[in-house]
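Chemist: I'd like to ask some things about the structure below.
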Amino acid sequence: MYIPKHTEETRTEVLDRLMGSHPLASLVTVGVSGLFATHLPLVLHRESEQHATLRGHLARANRQWKEFSRETDALAIFSGPQHYITPSWYPEKAETGKVVPTWNYAVVHAYGPLRTIEDPDWLLTHLNTLTNIHEASRPEPWSVADAPADFIATIARGIVGLEMKIERLEGKWKVSQNQTEQTRASVADGLEKLDTESSLAMRDLVKGVRH
């Protein structure tokens with residue numbers, strides 16, 4: 001990924017937070033049919049600053065798990081807040097007119113070797129973890145145990161587990177850092193006035209609050 005120095009994010013806790021808050025990743029691999037991408041939720045398991053894995057699963061019918069090259073690292077792309085930035089928010093528009101639109105965004109790229117797992121116990125543990133994470137905020141969380149055990153076993157036979165050992169992380173926060181303090185304040189104000197979930201998330205990033 002092209003990352004100008006002023007947009008580079010290297011803090012592990014910030015990168016981890018984005019992967020946790022925006023878990024639907026694009027998993028890209030190279031295989032016998034060329035590039036292949038699947039969109040799927042991935043769960044980050046961090047053992048230490050240097051060691052972390054991503055875990056997920058694919059439908060058994062998805063040929064990606066059979067075709068990807070074990071010799072080439074996989075890429076998982078996590079997309080965070082993003083928003084169009086109109087030049088109408090720039091004070092320079094009235095002063096010189098020398099302004100153009102842009103798009104702000106925050107993304108994390110994770111690279112590493114991928115392996116498949118078909119062990120039923122591993123898959124059940126993974127499904128429980130995935131479910132518990134995303135049901136945690138609900139007043140009455142649904143649990144895998146709420147469904148009949150034989151039904152869950154059938155579901156598990158229809159999926160294949162994936163585990164990626166993270167060898168490299170890249171973070172890019174393109175959030176108006178190249179603008180003046182006055183322009184950033186104006187952009188943040190414009191985003192706030194839109195008052196949408198995506199605009200407010202980007203407002204926080206422009207202000208320096210990284211989720």
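Going by the structure tokens order, chains are called A, B, ..., each with residues numbered from 1, while ligands are numbered from 1 in the order shown.
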Quick one: residues within 9 Å of A:Ala74, only C-alpha atoms, excluding same-chain residues fewer than 5 positions away - as a ChimeraX atom specification?

Modeler: /A:27-30,68-69,110-114,164

Chemist: Print the selection's residues with C-alpha atoms to a file, as a compact mmCIF listing (two decimals), in the first residue's frame.

Modeler:
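File out_24.txt, as written:
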```txt
# COMPACT_ATOMS: atom_id res chain seq x y z
CA LEU A 27 -9.32 -11.53 2.42
CA VAL A 28 -7.21 -11.56 -0.74
CA THR A 29 -5.18 -14.56 -1.87
CA VAL A 30 -3.37 -15.72 -4.98
CA PHE A 68 -4.87 -20.33 -2.43
CA SER A 69 -1.10 -20.61 -2.64
CA ALA A 110 -2.51 -7.41 7.52
CA TYR A 111 -0.18 -9.83 5.71
CA GLY A 112 0.82 -13.36 6.56
CA PRO A 113 0.70 -17.07 5.77
CA LEU A 114 -2.75 -18.63 5.76
CA MET A 164 -3.49 -16.15 9.40
```

Chemist: Go through stretch 58-106 of chain A and collect every residue that DSSP, computed from the backbone, puts in helix (DSSP H, G or I); the answer should be as a list of chain:residue names.

Modeler: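 Here is the list: A:Gln64, A:Trp65, A:Lys66, A:Glu67, A:Pro87, A:Ser88, A:Trp89, A:Glu92, A:Lys93, A:Ala94, A:Glu95.
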
Chemist: List as an MDAnalysis selection string the protein and nucleic acid residues near stretch 16-21 of chain A, meaning an atom at most 10 Å away when only C-alpha atoms are counted, but skip any in the same chain fewer than 2 places from it.

Modeler: chainID A and resid 11:14 23:25 41:46 52 54 76:81 106:110 133 169 171 210:211

Chemist: Can I get the selected residues back with N, CA and C atoms, as a PDB file, in the first residue's frame?

Modeler:
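Generated file (selection05.pdb):
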```pdb
ATOM      1  N   ARG A  11       1.142   2.451  15.486  1.00  0.00           N
ATOM      2  CA  ARG A  11       0.857   2.035  16.860  1.00  0.00           C
ATOM      3  C   ARG A  11      -0.021   0.790  16.866  1.00  0.00           C
ATOM      4  N   THR A  12       0.491  -0.266  17.473  1.00  0.00           N
ATOM      5  CA  THR A  12      -0.210  -1.544  17.476  1.00  0.00           C
ATOM      6  C   THR A  12      -1.602  -1.432  18.055  1.00  0.00           C
ATOM      7  N   GLU A  13      -1.750  -0.688  19.154  1.00  0.00           N
ATOM      8  CA  GLU A  13      -3.057  -0.602  19.797  1.00  0.00           C
ATOM      9  C   GLU A  13      -4.077   0.102  18.909  1.00  0.00           C
ATOM     10  N   VAL A  14      -3.628   1.061  18.094  1.00  0.00           N
ATOM     11  CA  VAL A  14      -4.538   1.768  17.188  1.00  0.00           C
ATOM     12  C   VAL A  14      -4.951   0.858  16.032  1.00  0.00           C
ATOM     13  N   PRO A  23     -14.540  -5.382  11.816  1.00  0.00           N
ATOM     14  CA  PRO A  23     -14.005  -6.733  11.603  1.00  0.00           C
ATOM     15  C   PRO A  23     -14.293  -7.357  10.241  1.00  0.00           C
ATOM     16  N   LEU A  24     -15.202  -6.761   9.455  1.00  0.00           N
ATOM     17  CA  LEU A  24     -15.486  -7.346   8.143  1.00  0.00           C
ATOM     18  C   LEU A  24     -14.327  -7.014   7.208  1.00  0.00           C
ATOM     19  N   ALA A  25     -13.498  -7.999   6.944  1.00  0.00           N
ATOM     20  CA  ALA A  25     -12.286  -7.803   6.149  1.00  0.00           C
ATOM     21  C   ALA A  25     -12.471  -8.329   4.734  1.00  0.00           C
ATOM     22  N   PRO A  41     -15.921 -11.734   8.370  1.00  0.00           N
ATOM     23  CA  PRO A  41     -15.461 -11.215   9.653  1.00  0.00           C
ATOM     24  C   PRO A  41     -14.262 -12.022  10.147  1.00  0.00           C
ATOM     25  N   LEU A  42     -13.250 -11.305  10.635  1.00  0.00           N
ATOM     26  CA  LEU A  42     -12.074 -11.956  11.188  1.00  0.00           C
ATOM     27  C   LEU A  42     -11.908 -11.532  12.644  1.00  0.00           C
ATOM     28  N   VAL A  43     -11.455 -12.453  13.465  1.00  0.00           N
ATOM     29  CA  VAL A  43     -11.243 -12.183  14.884  1.00  0.00           C
ATOM     30  C   VAL A  43      -9.743 -12.106  15.145  1.00  0.00           C
ATOM     31  N   LEU A  44      -9.321 -11.004  15.756  1.00  0.00           N
ATOM     32  CA  LEU A  44      -7.913 -10.817  16.092  1.00  0.00           C
ATOM     33  C   LEU A  44      -7.621 -11.473  17.436  1.00  0.00           C
ATOM     34  N   HIS A  45      -6.580 -12.303  17.467  1.00  0.00           N
ATOM     35  CA  HIS A  45      -6.074 -12.895  18.708  1.00  0.00           C
ATOM     36  C   HIS A  45      -4.629 -12.429  18.858  1.00  0.00           C
ATOM     37  N   ARG A  46      -4.388 -11.549  19.821  1.00  0.00           N
ATOM     38  CA  ARG A  46      -3.029 -11.034  20.020  1.00  0.00           C
ATOM     39  C   ARG A  46      -2.431 -11.652  21.273  1.00  0.00           C
ATOM     40  N   ALA A  52       0.504 -12.236  16.703  1.00  0.00           N
ATOM     41  CA  ALA A  52      -0.951 -12.138  16.627  1.00  0.00           C
ATOM     42  C   ALA A  52      -1.439 -12.965  15.445  1.00  0.00           C
ATOM     43  N   LEU A  54      -5.144 -13.884  12.966  1.00  0.00           N
ATOM     44  CA  LEU A  54      -6.515 -13.601  12.575  1.00  0.00           C
ATOM     45  C   LEU A  54      -7.205 -14.927  12.300  1.00  0.00           C
ATOM     46  N   ALA A  76      -5.278  -9.351   4.362  1.00  0.00           N
ATOM     47  CA  ALA A  76      -6.585  -9.022   4.925  1.00  0.00           C
ATOM     48  C   ALA A  76      -6.679  -7.503   5.037  1.00  0.00           C
ATOM     49  N   ILE A  77      -7.702  -6.920   4.424  1.00  0.00           N
ATOM     50  CA  ILE A  77      -7.887  -5.471   4.401  1.00  0.00           C
ATOM     51  C   ILE A  77      -9.064  -5.104   5.300  1.00  0.00           C
ATOM     52  N   PHE A  78      -8.794  -4.262   6.288  1.00  0.00           N
ATOM     53  CA  PHE A  78      -9.838  -3.767   7.189  1.00  0.00           C
ATOM     54  C   PHE A  78     -10.066  -2.286   6.884  1.00  0.00           C
ATOM     55  N   SER A  79     -11.284  -1.946   6.518  1.00  0.00           N
ATOM     56  CA  SER A  79     -11.610  -0.566   6.172  1.00  0.00           C
ATOM     57  C   SER A  79     -12.358   0.087   7.326  1.00  0.00           C
ATOM     58  N   GLY A  80     -11.804   1.203   7.813  1.00  0.00           N
ATOM     59  CA  GLY A  80     -12.415   1.929   8.910  1.00  0.00           C
ATOM     60  C   GLY A  80     -13.257   3.087   8.422  1.00  0.00           C
ATOM     61  N   PRO A  81     -13.385   4.138   9.224  1.00  0.00           N
ATOM     62  CA  PRO A  81     -14.177   5.299   8.809  1.00  0.00           C
ATOM     63  C   PRO A  81     -13.671   5.888   7.498  1.00  0.00           C
ATOM     64  N   ALA A 106      -9.449   5.548   6.848  1.00  0.00           N
ATOM     65  CA  ALA A 106      -8.485   4.838   7.693  1.00  0.00           C
ATOM     66  C   ALA A 106      -8.576   3.358   7.354  1.00  0.00           C
ATOM     67  N   VAL A 107      -7.414   2.729   7.095  1.00  0.00           N
ATOM     68  CA  VAL A 107      -7.395   1.319   6.720  1.00  0.00           C
ATOM     69  C   VAL A 107      -6.209   0.612   7.371  1.00  0.00           C
ATOM     70  N   VAL A 108      -6.369  -0.685   7.548  1.00  0.00           N
ATOM     71  CA  VAL A 108      -5.282  -1.541   8.023  1.00  0.00           C
ATOM     72  C   VAL A 108      -5.133  -2.701   7.054  1.00  0.00           C
ATOM     73  N   HIS A 109      -3.899  -2.986   6.661  1.00  0.00           N
ATOM     74  CA  HIS A 109      -3.582  -4.159   5.854  1.00  0.00           C
ATOM     75  C   HIS A 109      -2.772  -5.126   6.714  1.00  0.00           C
ATOM     76  N   ALA A 110      -3.233  -6.370   6.793  1.00  0.00           N
ATOM     77  CA  ALA A 110      -2.512  -7.414   7.523  1.00  0.00           C
ATOM     78  C   ALA A 110      -2.049  -8.467   6.521  1.00  0.00           C
ATOM     79  N   ILE A 133     -18.469 -12.160  20.756  1.00  0.00           N
ATOM     80  CA  ILE A 133     -17.979 -10.794  20.525  1.00  0.00           C
ATOM     81  C   ILE A 133     -19.100  -9.902  19.987  1.00  0.00           C
ATOM     82  N   LEU A 169       1.932  -5.588   9.530  1.00  0.00           N
ATOM     83  CA  LEU A 169       0.750  -4.733   9.591  1.00  0.00           C
ATOM     84  C   LEU A 169       1.084  -3.369   9.008  1.00  0.00           C
ATOM     85  N   GLY A 171      -0.773   0.510   8.466  1.00  0.00           N
ATOM     86  CA  GLY A 171      -1.916   1.355   8.754  1.00  0.00           C
ATOM     87  C   GLY A 171      -1.801   2.677   8.029  1.00  0.00           C
ATOM     88  N   ARG A 210      -8.635   8.897  17.462  1.00  0.00           N
ATOM     89  CA  ARG A 210      -8.581   7.696  16.613  1.00  0.00           C
ATOM     90  C   ARG A 210      -9.258   6.530  17.291  1.00  0.00           C
ATOM     91  N   HIS A 211     -10.298   5.975  16.645  1.00  0.00           N
ATOM     92  CA  HIS A 211     -11.063   4.882  17.230  1.00  0.00           C
ATOM     93  C   HIS A 211     -10.417   3.547  16.879  1.00  0.00           C
TER      94      HIS A 211
END
```

Chemist: For a quick check of understanding, using only C-alpha atoms, which of A:Lys207, A:Arg63, A:His83, A:Arg138 has the smallest distance to A:Gln177?

Modeler: A:Lys207

Chemist: Might you pull out every residue within 8 Å of A:Trp65, with only C-alpha atoms counted and same-chain residues fewer than 3 positions away left off, and present them as an NGL selection string?

Modeler: :A and (58 or 60 or 62 or 68 or 116 or 160)

Chemist: For the selection you just gave me, I'd like the residues written to a file as a tab-separated table (two decimals), in the first residue's frame, keeping N, CA and C atoms.

Modeler:
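Saved result, result.tsv, follows:
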```
chain	number	residue	atom	x	y	z
A	58	LEU	N	-14.64	-19.91	6.10
A	58	LEU	CA	-15.26	-19.81	4.79
A	58	LEU	C	-16.27	-20.93	4.62
A	60	ARG	N	-17.60	-24.08	2.92
A	60	ARG	CA	-16.85	-25.15	2.27
A	60	ARG	C	-17.00	-25.07	0.75
A	62	ASN	N	-16.90	-22.43	-0.97
A	62	ASN	CA	-16.05	-21.34	-1.48
A	62	ASN	C	-14.70	-21.94	-1.86
A	68	PHE	N	-5.88	-21.35	-2.71
A	68	PHE	CA	-4.87	-20.33	-2.43
A	68	PHE	C	-3.48	-20.95	-2.31
A	116	THR	N	-5.59	-23.61	6.64
A	116	THR	CA	-6.98	-24.03	6.81
A	116	THR	C	-7.07	-25.02	7.98
A	160	VAL	N	-15.04	-24.14	6.71
A	160	VAL	CA	-13.63	-24.46	6.89
A	160	VAL	C	-12.98	-23.29	7.64
```

Chemist: Could you work out how far atom CA of A:Ala153 lies from atom CA of A:Arg115, giving the answer in Å with one decimal?

Modeler: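 Calculated distance between atom CA of A:Arg115 and atom CA of A:Ala153 is 21.6 Å.
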